[in-house]
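Containing compact mmCIF, N, CA and C atoms: upload.txt.
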```
# COMPACT_ATOMS: atom_id res chain seq x y z
N MET I 1 -14.03 70.81 21.50
CA MET I 1 -13.11 69.83 22.03
C MET I 1 -11.81 70.54 22.39
N ASP I 2 -11.29 70.24 23.56
CA ASP I 2 -10.04 70.89 23.97
C ASP I 2 -8.86 70.33 23.17
N ASP I 3 -7.76 71.04 23.20
CA ASP I 3 -6.58 70.67 22.43
C ASP I 3 -6.03 69.32 22.84
N ARG I 4 -6.09 69.02 24.13
CA ARG I 4 -5.56 67.75 24.65
C ARG I 4 -6.30 66.58 24.00
N MET I 5 -7.60 66.60 24.04
CA MET I 5 -8.38 65.50 23.46
C MET I 5 -8.32 65.55 21.93
N GLY I 6 -8.19 66.74 21.38
CA GLY I 6 -8.08 66.88 19.93
C GLY I 6 -6.88 66.13 19.39
N LYS I 7 -5.77 66.15 20.11
CA LYS I 7 -4.57 65.43 19.67
C LYS I 7 -4.80 63.92 19.67
N VAL I 8 -5.54 63.43 20.64
CA VAL I 8 -5.87 62.01 20.70
C VAL I 8 -6.76 61.64 19.51
N VAL I 9 -7.78 62.44 19.30
CA VAL I 9 -8.74 62.19 18.21
C VAL I 9 -8.06 62.27 16.85
N ASP I 10 -7.14 63.22 16.68
CA ASP I 10 -6.45 63.37 15.40
C ASP I 10 -5.67 62.12 15.02
N VAL I 11 -5.18 61.39 16.00
CA VAL I 11 -4.44 60.15 15.70
C VAL I 11 -5.41 58.98 15.53
N ILE I 12 -6.32 58.82 16.47
CA ILE I 12 -7.19 57.64 16.46
C ILE I 12 -8.16 57.65 15.27
N TYR I 13 -8.71 58.79 14.97
CA TYR I 13 -9.78 58.86 13.98
C TYR I 13 -9.38 59.46 12.64
N TYR I 14 -8.10 59.61 12.39
CA TYR I 14 -7.64 60.25 11.15
C TYR I 14 -8.25 59.59 9.90
N ASN I 15 -8.21 58.28 9.84
CA ASN I 15 -8.73 57.59 8.65
C ASN I 15 -10.24 57.72 8.50
N TRP I 16 -10.93 57.98 9.59
CA TRP I 16 -12.38 58.17 9.50
C TRP I 16 -12.72 59.62 9.18
N LYS I 17 -11.91 60.55 9.68
CA LYS I 17 -12.20 61.97 9.50
C LYS I 17 -11.77 62.51 8.14
N VAL I 18 -10.69 61.98 7.61
CA VAL I 18 -10.10 62.54 6.39
C VAL I 18 -10.39 61.61 5.21
N PRO I 19 -10.99 62.15 4.16
CA PRO I 19 -11.25 61.31 2.98
C PRO I 19 -9.95 60.72 2.43
N GLU I 20 -10.03 59.52 1.91
CA GLU I 20 -8.83 58.80 1.48
C GLU I 20 -7.96 59.61 0.52
N ALA I 21 -8.58 60.30 -0.41
CA ALA I 21 -7.82 61.08 -1.39
C ALA I 21 -7.07 62.25 -0.77
N GLU I 22 -7.45 62.63 0.45
CA GLU I 22 -6.83 63.79 1.10
C GLU I 22 -5.85 63.40 2.22
N ARG I 23 -5.63 62.12 2.42
CA ARG I 23 -4.74 61.66 3.49
C ARG I 23 -3.28 61.80 3.07
N HIS I 24 -2.45 62.17 4.05
CA HIS I 24 -1.02 62.32 3.79
C HIS I 24 -0.23 61.72 4.94
N ASP I 25 0.80 60.98 4.61
CA ASP I 25 1.67 60.40 5.63
C ASP I 25 2.26 61.47 6.53
N SER I 26 2.56 62.64 5.96
CA SER I 26 3.14 63.72 6.76
C SER I 26 2.16 64.20 7.83
N ALA I 27 0.87 64.21 7.52
CA ALA I 27 -0.14 64.62 8.50
C ALA I 27 -0.25 63.57 9.61
N VAL I 28 -0.20 62.30 9.23
CA VAL I 28 -0.25 61.22 10.22
C VAL I 28 0.94 61.36 11.17
N GLU I 29 2.12 61.55 10.62
CA GLU I 29 3.33 61.69 11.43
C GLU I 29 3.26 62.92 12.33
N ARG I 30 2.80 64.03 11.80
CA ARG I 30 2.68 65.27 12.58
C ARG I 30 1.70 65.07 13.75
N ASN I 31 0.57 64.41 13.48
CA ASN I 31 -0.42 64.15 14.53
C ASN I 31 0.16 63.24 15.61
N ARG I 32 0.87 62.21 15.21
CA ARG I 32 1.47 61.27 16.16
C ARG I 32 2.54 61.96 17.01
N GLU I 33 3.34 62.81 16.38
CA GLU I 33 4.37 63.56 17.12
C GLU I 33 3.74 64.50 18.13
N ALA I 34 2.65 65.18 17.74
CA ALA I 34 1.97 66.09 18.66
C ALA I 34 1.40 65.33 19.85
N LEU I 35 0.82 64.17 19.61
CA LEU I 35 0.27 63.37 20.70
C LEU I 35 1.39 62.83 21.59
N THR I 36 2.47 62.38 21.00
CA THR I 36 3.61 61.89 21.79
C THR I 36 4.14 62.98 22.70
N THR I 37 4.26 64.18 22.19
CA THR I 37 4.72 65.32 22.99
C THR I 37 3.76 65.58 24.15
N GLU I 38 2.47 65.52 23.88
CA GLU I 38 1.45 65.74 24.92
C GLU I 38 1.54 64.66 26.00
N VAL I 39 1.65 63.40 25.60
CA VAL I 39 1.72 62.29 26.56
C VAL I 39 2.98 62.43 27.43
N LYS I 40 4.08 62.82 26.83
CA LYS I 40 5.31 63.02 27.61
C LYS I 40 5.16 64.17 28.59
N LEU I 41 4.40 65.18 28.23
CA LEU I 41 4.12 66.29 29.15
C LEU I 41 3.35 65.79 30.37
N TRP I 42 2.32 64.99 30.16
CA TRP I 42 1.55 64.43 31.27
C TRP I 42 2.43 63.55 32.13
N LYS I 43 3.27 62.76 31.49
CA LYS I 43 4.21 61.89 32.20
C LYS I 43 5.10 62.74 33.11
N GLY I 44 5.58 63.86 32.59
CA GLY I 44 6.42 64.77 33.38
C GLY I 44 5.69 65.34 34.57
N TYR I 45 4.43 65.71 34.40
CA TYR I 45 3.64 66.22 35.52
C TYR I 45 3.55 65.17 36.63
N LEU I 46 3.30 63.92 36.24
CA LEU I 46 3.18 62.86 37.24
C LEU I 46 4.51 62.58 37.93
N GLU I 47 5.60 62.68 37.21
CA GLU I 47 6.91 62.47 37.82
C GLU I 47 7.19 63.51 38.89
N LYS I 48 6.73 64.74 38.67
CA LYS I 48 6.97 65.83 39.61
C LYS I 48 5.96 65.84 40.76
N ALA I 49 4.72 65.53 40.44
CA ALA I 49 3.64 65.73 41.41
C ALA I 49 3.40 64.55 42.34
N GLY I 50 3.59 63.36 41.87
CA GLY I 50 3.28 62.20 42.69
C GLY I 50 2.20 61.37 42.06
N SER I 51 1.30 60.85 42.86
CA SER I 51 0.31 59.91 42.35
C SER I 51 -0.80 60.58 41.54
N CYS I 52 -1.02 61.86 41.72
CA CYS I 52 -2.03 62.60 40.96
C CYS I 52 -1.36 63.78 40.26
N LEU I 53 -2.07 64.41 39.36
CA LEU I 53 -1.44 65.45 38.53
C LEU I 53 -1.02 66.69 39.30
N ALA I 54 -1.76 67.05 40.33
CA ALA I 54 -1.44 68.28 41.07
C ALA I 54 -0.94 67.98 42.48
N GLY I 55 -0.42 66.78 42.69
CA GLY I 55 0.09 66.41 44.01
C GLY I 55 -0.34 65.01 44.38
N LYS I 56 -0.38 64.78 45.67
CA LYS I 56 -0.72 63.43 46.15
C LYS I 56 -2.22 63.18 46.25
N SER I 57 -3.01 64.25 46.20
CA SER I 57 -4.46 64.11 46.34
C SER I 57 -5.18 64.31 45.01
N PHE I 58 -6.26 63.59 44.85
CA PHE I 58 -7.14 63.73 43.68
C PHE I 58 -7.68 65.14 43.64
N SER I 59 -7.62 65.78 42.47
CA SER I 59 -8.07 67.17 42.35
C SER I 59 -8.79 67.39 41.03
N MET I 60 -9.22 68.62 40.81
CA MET I 60 -9.89 68.98 39.57
C MET I 60 -8.99 68.72 38.36
N ALA I 61 -7.69 68.83 38.51
CA ALA I 61 -6.77 68.52 37.40
C ALA I 61 -6.97 67.08 36.93
N ASP I 62 -7.17 66.17 37.87
CA ASP I 62 -7.38 64.77 37.53
C ASP I 62 -8.75 64.55 36.88
N VAL I 63 -9.74 65.27 37.37
CA VAL I 63 -11.08 65.17 36.80
C VAL I 63 -11.05 65.56 35.32
N VAL I 64 -10.26 66.57 35.00
CA VAL I 64 -10.18 67.07 33.63
C VAL I 64 -9.34 66.15 32.74
N VAL I 65 -8.21 65.68 33.22
CA VAL I 65 -7.27 64.95 32.38
C VAL I 65 -7.53 63.45 32.33
N PHE I 66 -8.04 62.86 33.40
CA PHE I 66 -8.19 61.40 33.43
C PHE I 66 -8.98 60.83 32.25
N PRO I 67 -10.08 61.43 31.81
CA PRO I 67 -10.79 60.84 30.66
C PRO I 67 -9.90 60.68 29.43
N SER I 68 -9.02 61.62 29.20
CA SER I 68 -8.11 61.51 28.06
C SER I 68 -7.11 60.38 28.27
N VAL I 69 -6.62 60.23 29.49
CA VAL I 69 -5.68 59.15 29.80
C VAL I 69 -6.38 57.79 29.62
N ALA I 70 -7.61 57.69 30.09
CA ALA I 70 -8.37 56.45 29.94
C ALA I 70 -8.56 56.12 28.45
N TYR I 71 -8.84 57.12 27.67
CA TYR I 71 -9.01 56.94 26.23
C TYR I 71 -7.72 56.44 25.59
N LEU I 72 -6.60 57.00 26.02
CA LEU I 72 -5.30 56.55 25.49
C LEU I 72 -5.09 55.06 25.72
N PHE I 73 -5.35 54.61 26.94
CA PHE I 73 -5.15 53.20 27.25
C PHE I 73 -6.20 52.32 26.58
N ARG I 74 -7.39 52.82 26.41
CA ARG I 74 -8.42 52.07 25.68
C ARG I 74 -7.97 51.80 24.25
N PHE I 75 -7.22 52.72 23.68
CA PHE I 75 -6.75 52.56 22.31
C PHE I 75 -5.30 52.11 22.23
N GLY I 76 -4.81 51.48 23.30
CA GLY I 76 -3.57 50.73 23.22
C GLY I 76 -2.28 51.42 23.60
N LEU I 77 -2.34 52.55 24.31
CA LEU I 77 -1.09 53.16 24.76
C LEU I 77 -0.29 52.15 25.57
N SER I 78 1.01 52.12 25.35
CA SER I 78 1.88 51.14 26.00
C SER I 78 2.12 51.46 27.47
N ALA I 79 1.66 50.57 28.34
CA ALA I 79 1.91 50.73 29.78
C ALA I 79 3.39 50.58 30.08
N GLU I 80 4.09 49.77 29.30
CA GLU I 80 5.52 49.57 29.51
C GLU I 80 6.31 50.84 29.16
N ARG I 81 5.89 51.53 28.11
CA ARG I 81 6.58 52.75 27.68
C ARG I 81 6.26 53.93 28.60
N TYR I 82 5.08 53.92 29.19
CA TYR I 82 4.64 55.03 30.04
C TYR I 82 4.17 54.49 31.39
N PRO I 83 5.08 53.95 32.20
CA PRO I 83 4.66 53.33 33.47
C PRO I 83 4.00 54.30 34.44
N GLN I 84 4.42 55.58 34.45
CA GLN I 84 3.80 56.55 35.36
C GLN I 84 2.34 56.76 34.98
N LEU I 85 2.07 56.87 33.69
CA LEU I 85 0.68 57.04 33.25
C LEU I 85 -0.12 55.77 33.51
N ALA I 86 0.50 54.61 33.34
CA ALA I 86 -0.19 53.35 33.60
C ALA I 86 -0.56 53.23 35.08
N GLU I 87 0.35 53.62 35.97
CA GLU I 87 0.06 53.59 37.40
C GLU I 87 -1.06 54.56 37.74
N TYR I 88 -0.99 55.75 37.16
CA TYR I 88 -2.02 56.77 37.37
C TYR I 88 -3.38 56.23 36.90
N TYR I 89 -3.41 55.66 35.72
CA TYR I 89 -4.63 55.08 35.17
C TYR I 89 -5.18 53.99 36.08
N ALA I 90 -4.32 53.08 36.51
CA ALA I 90 -4.75 51.98 37.37
C ALA I 90 -5.29 52.49 38.71
N LEU I 91 -4.64 53.50 39.27
CA LEU I 91 -5.07 54.06 40.54
C LEU I 91 -6.44 54.74 40.44
N LEU I 92 -6.61 55.56 39.41
CA LEU I 92 -7.83 56.34 39.31
C LEU I 92 -9.02 55.56 38.77
N LYS I 93 -8.81 54.60 37.91
CA LYS I 93 -9.95 53.89 37.31
C LYS I 93 -10.76 53.12 38.34
N ASP I 94 -10.18 52.86 39.51
CA ASP I 94 -10.89 52.14 40.55
C ASP I 94 -11.61 53.05 41.55
N ARG I 95 -11.51 54.35 41.35
CA ARG I 95 -12.24 55.28 42.22
C ARG I 95 -13.75 55.09 41.99
N PRO I 96 -14.56 55.11 43.05
CA PRO I 96 -16.01 54.92 42.89
C PRO I 96 -16.64 55.93 41.92
N SER I 97 -16.20 57.18 41.95
CA SER I 97 -16.79 58.19 41.07
C SER I 97 -16.47 57.89 39.60
N ILE I 98 -15.30 57.35 39.35
CA ILE I 98 -14.93 57.02 37.97
C ILE I 98 -15.64 55.74 37.55
N LYS I 99 -15.70 54.76 38.41
CA LYS I 99 -16.42 53.53 38.08
C LYS I 99 -17.88 53.82 37.74
N ALA I 100 -18.47 54.75 38.48
CA ALA I 100 -19.88 55.08 38.26
C ALA I 100 -20.12 55.74 36.91
N SER I 101 -19.09 56.39 36.37
CA SER I 101 -19.27 57.10 35.11
C SER I 101 -18.65 56.36 33.91
N TRP I 102 -18.09 55.19 34.16
CA TRP I 102 -17.42 54.42 33.11
C TRP I 102 -18.45 53.95 32.08
N PRO I 103 -18.19 54.14 30.80
CA PRO I 103 -19.13 53.64 29.78
C PRO I 103 -19.27 52.11 29.89
N PRO I 104 -20.50 51.59 29.87
CA PRO I 104 -20.70 50.14 30.04
C PRO I 104 -19.91 49.29 29.04
N HIS I 105 -19.80 49.72 27.80
CA HIS I 105 -19.08 48.91 26.82
C HIS I 105 -17.57 48.89 27.10
N TRP I 106 -17.08 49.85 27.87
CA TRP I 106 -15.66 49.83 28.25
C TRP I 106 -15.41 48.74 29.28
N LEU I 107 -16.40 48.44 30.10
CA LEU I 107 -16.25 47.37 31.09
C LEU I 107 -16.19 46.02 30.40
N GLU I 108 -16.98 45.86 29.35
CA GLU I 108 -17.05 44.60 28.63
C GLU I 108 -15.79 44.37 27.77
N ASN I 109 -15.22 45.45 27.25
CA ASN I 109 -14.07 45.36 26.36
C ASN I 109 -13.11 46.49 26.70
N PRO I 110 -12.24 46.31 27.70
CA PRO I 110 -11.39 47.41 28.19
C PRO I 110 -10.44 48.01 27.16
N GLN I 111 -9.95 47.22 26.22
CA GLN I 111 -9.06 47.78 25.20
C GLN I 111 -9.70 47.54 23.84
N ALA I 112 -10.15 48.61 23.22
CA ALA I 112 -10.87 48.50 21.97
C ALA I 112 -9.96 48.21 20.78
N GLN I 113 -8.81 48.86 20.75
CA GLN I 113 -7.90 48.74 19.61
C GLN I 113 -6.46 48.91 20.10
N ASP I 114 -5.54 48.75 19.16
CA ASP I 114 -4.14 48.99 19.50
C ASP I 114 -3.55 50.14 18.67
N THR I 115 -4.39 51.07 18.29
CA THR I 115 -4.01 52.20 17.44
C THR I 115 -2.83 52.98 18.01
N LEU I 116 -2.74 53.09 19.32
CA LEU I 116 -1.71 53.94 19.96
C LEU I 116 -0.52 53.14 20.50
N LYS I 117 -0.39 51.90 20.13
CA LYS I 117 0.67 51.06 20.70
C LYS I 117 2.07 51.60 20.42
N ASP I 118 2.24 52.36 19.35
CA ASP I 118 3.58 52.86 18.99
C ASP I 118 3.82 54.31 19.41
N ILE I 119 2.92 54.88 20.15
CA ILE I 119 3.09 56.28 20.60
C ILE I 119 4.08 56.30 21.75
```

If you took the structure in this file and wrote it as structure tokens, what would it be?
Amino acid sequence: MDDRMGKVVDVIYYNWKVPEAERHDSAVERNREALTTEVKLWKGYLEKAGSCLAGKSFSMADVVVFPSVAYLFRFGLSAERYPQLAEYYALLKDRPSIKASWPPHWLENPQAQDTLKDI
């Protein structure tokens, strides 16, 4: 798993991955801070580049990063706090290639949880 998705997983699945006796608030906070930093980095790329990560056209950068962005919104990332990412998500999720690869249960229930609402 790449570092980008690892940061998402570390926040969303911490309680499932780490036995209760080994959980620490400091680890939760560190994971959330790392993910927040990553999300702000993506936000910065979009502010500089335009509608897609590497410019105005859909590219391999979007193919690589979009699944992580979709996962963030599935788990409750705030569209109000990150409007550039929300616009990017809305624009790309309607592409035929993305629609064709969308997990069926995501169509039935677009937002699974609100785990990331405070990121």

So that I can see what lies close to segment 52-59 of chain I, please list as an MDAnalysis selection string the residues with an atom at most 12 Å from it, counting only C-alpha atoms and leaving out residues fewer than 2 positions away in the same chain. chainID I and resid 41:50 61:66 69 84:92 95 97:98

Please work out which residues fall within 5 Å of (1.5, 53.7, 22.1), coordinates as given in the file, with all atoms listed in the file counting, and return them as a ChimeraX atom specification. /I:76-78,116-119

Include N, CA and C atoms and write out the residues we just selected as a PDB file, in the coordinates of the input.
```
ATOM      1  N   GLY I  76      -4.810  51.480  23.300  1.00  0.00           N
ATOM      2  CA  GLY I  76      -3.570  50.730  23.220  1.00  0.00           C
ATOM      3  C   GLY I  76      -2.280  51.420  23.600  1.00  0.00           C
ATOM      4  N   LEU I  77      -2.340  52.550  24.310  1.00  0.00           N
ATOM      5  CA  LEU I  77      -1.090  53.160  24.760  1.00  0.00           C
ATOM      6  C   LEU I  77      -0.290  52.150  25.570  1.00  0.00           C
ATOM      7  N   SER I  78       1.010  52.120  25.350  1.00  0.00           N
ATOM      8  CA  SER I  78       1.880  51.140  26.000  1.00  0.00           C
ATOM      9  C   SER I  78       2.120  51.460  27.470  1.00  0.00           C
ATOM     10  N   LEU I 116      -2.740  53.090  19.320  1.00  0.00           N
ATOM     11  CA  LEU I 116      -1.710  53.940  19.960  1.00  0.00           C
ATOM     12  C   LEU I 116      -0.520  53.140  20.500  1.00  0.00           C
ATOM     13  N   LYS I 117      -0.390  51.900  20.130  1.00  0.00           N
ATOM     14  CA  LYS I 117       0.670  51.060  20.700  1.00  0.00           C
ATOM     15  C   LYS I 117       2.070  51.600  20.420  1.00  0.00           C
ATOM     16  N   ASP I 118       2.240  52.360  19.350  1.00  0.00           N
ATOM     17  CA  ASP I 118       3.580  52.860  18.990  1.00  0.00           C
ATOM     18  C   ASP I 118       3.820  54.310  19.410  1.00  0.00           C
ATOM     19  N   ILE I 119       2.920  54.880  20.150  1.00  0.00           N
ATOM     20  CA  ILE I 119       3.090  56.280  20.600  1.00  0.00           C
ATOM     21  C   ILE I 119       4.080  56.300  21.750  1.00  0.00           C
TER      22      ILE I 119
END
```

DSSP helix (DSSP H, G or I) selection over segment 4-117 of chain I, as a PyMOL selection string: chain I and resi 4-12+14-17+20-22+25-49+60-74+83-93+96-101+104-108

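If you look at atom CA of Val28 of chain I and atom CA of Pro103 of chain I, they are 28.2 Å away from each other.
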
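Checking I:Arg81, I:Phe75, I:Leu107, I:Met5 one by one against Glu38 of chain I, counting only C-alpha atoms, you find the shortest gap at I:Met5.
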
What separates atom CA of Lys7 of chain I and atom CA of Asn31 of chain I is a distance of 6.7 Å

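Atom to atom, atom CA of Ser101 of chain I and atom CA of Asp114 of chain I stand 23.2 Å apart.
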
How big is the axis-aligned box around all listed atoms of segment 41-47 of chain I once 6 Å goes on each side, and where's its centre, in Å to one decimal, as JSON?
```
{"center_x": 4.4, "center_y": 64.1, "center_z": 33.6, "size_x": 17.6, "size_y": 16.4, "size_z": 22.7}
```
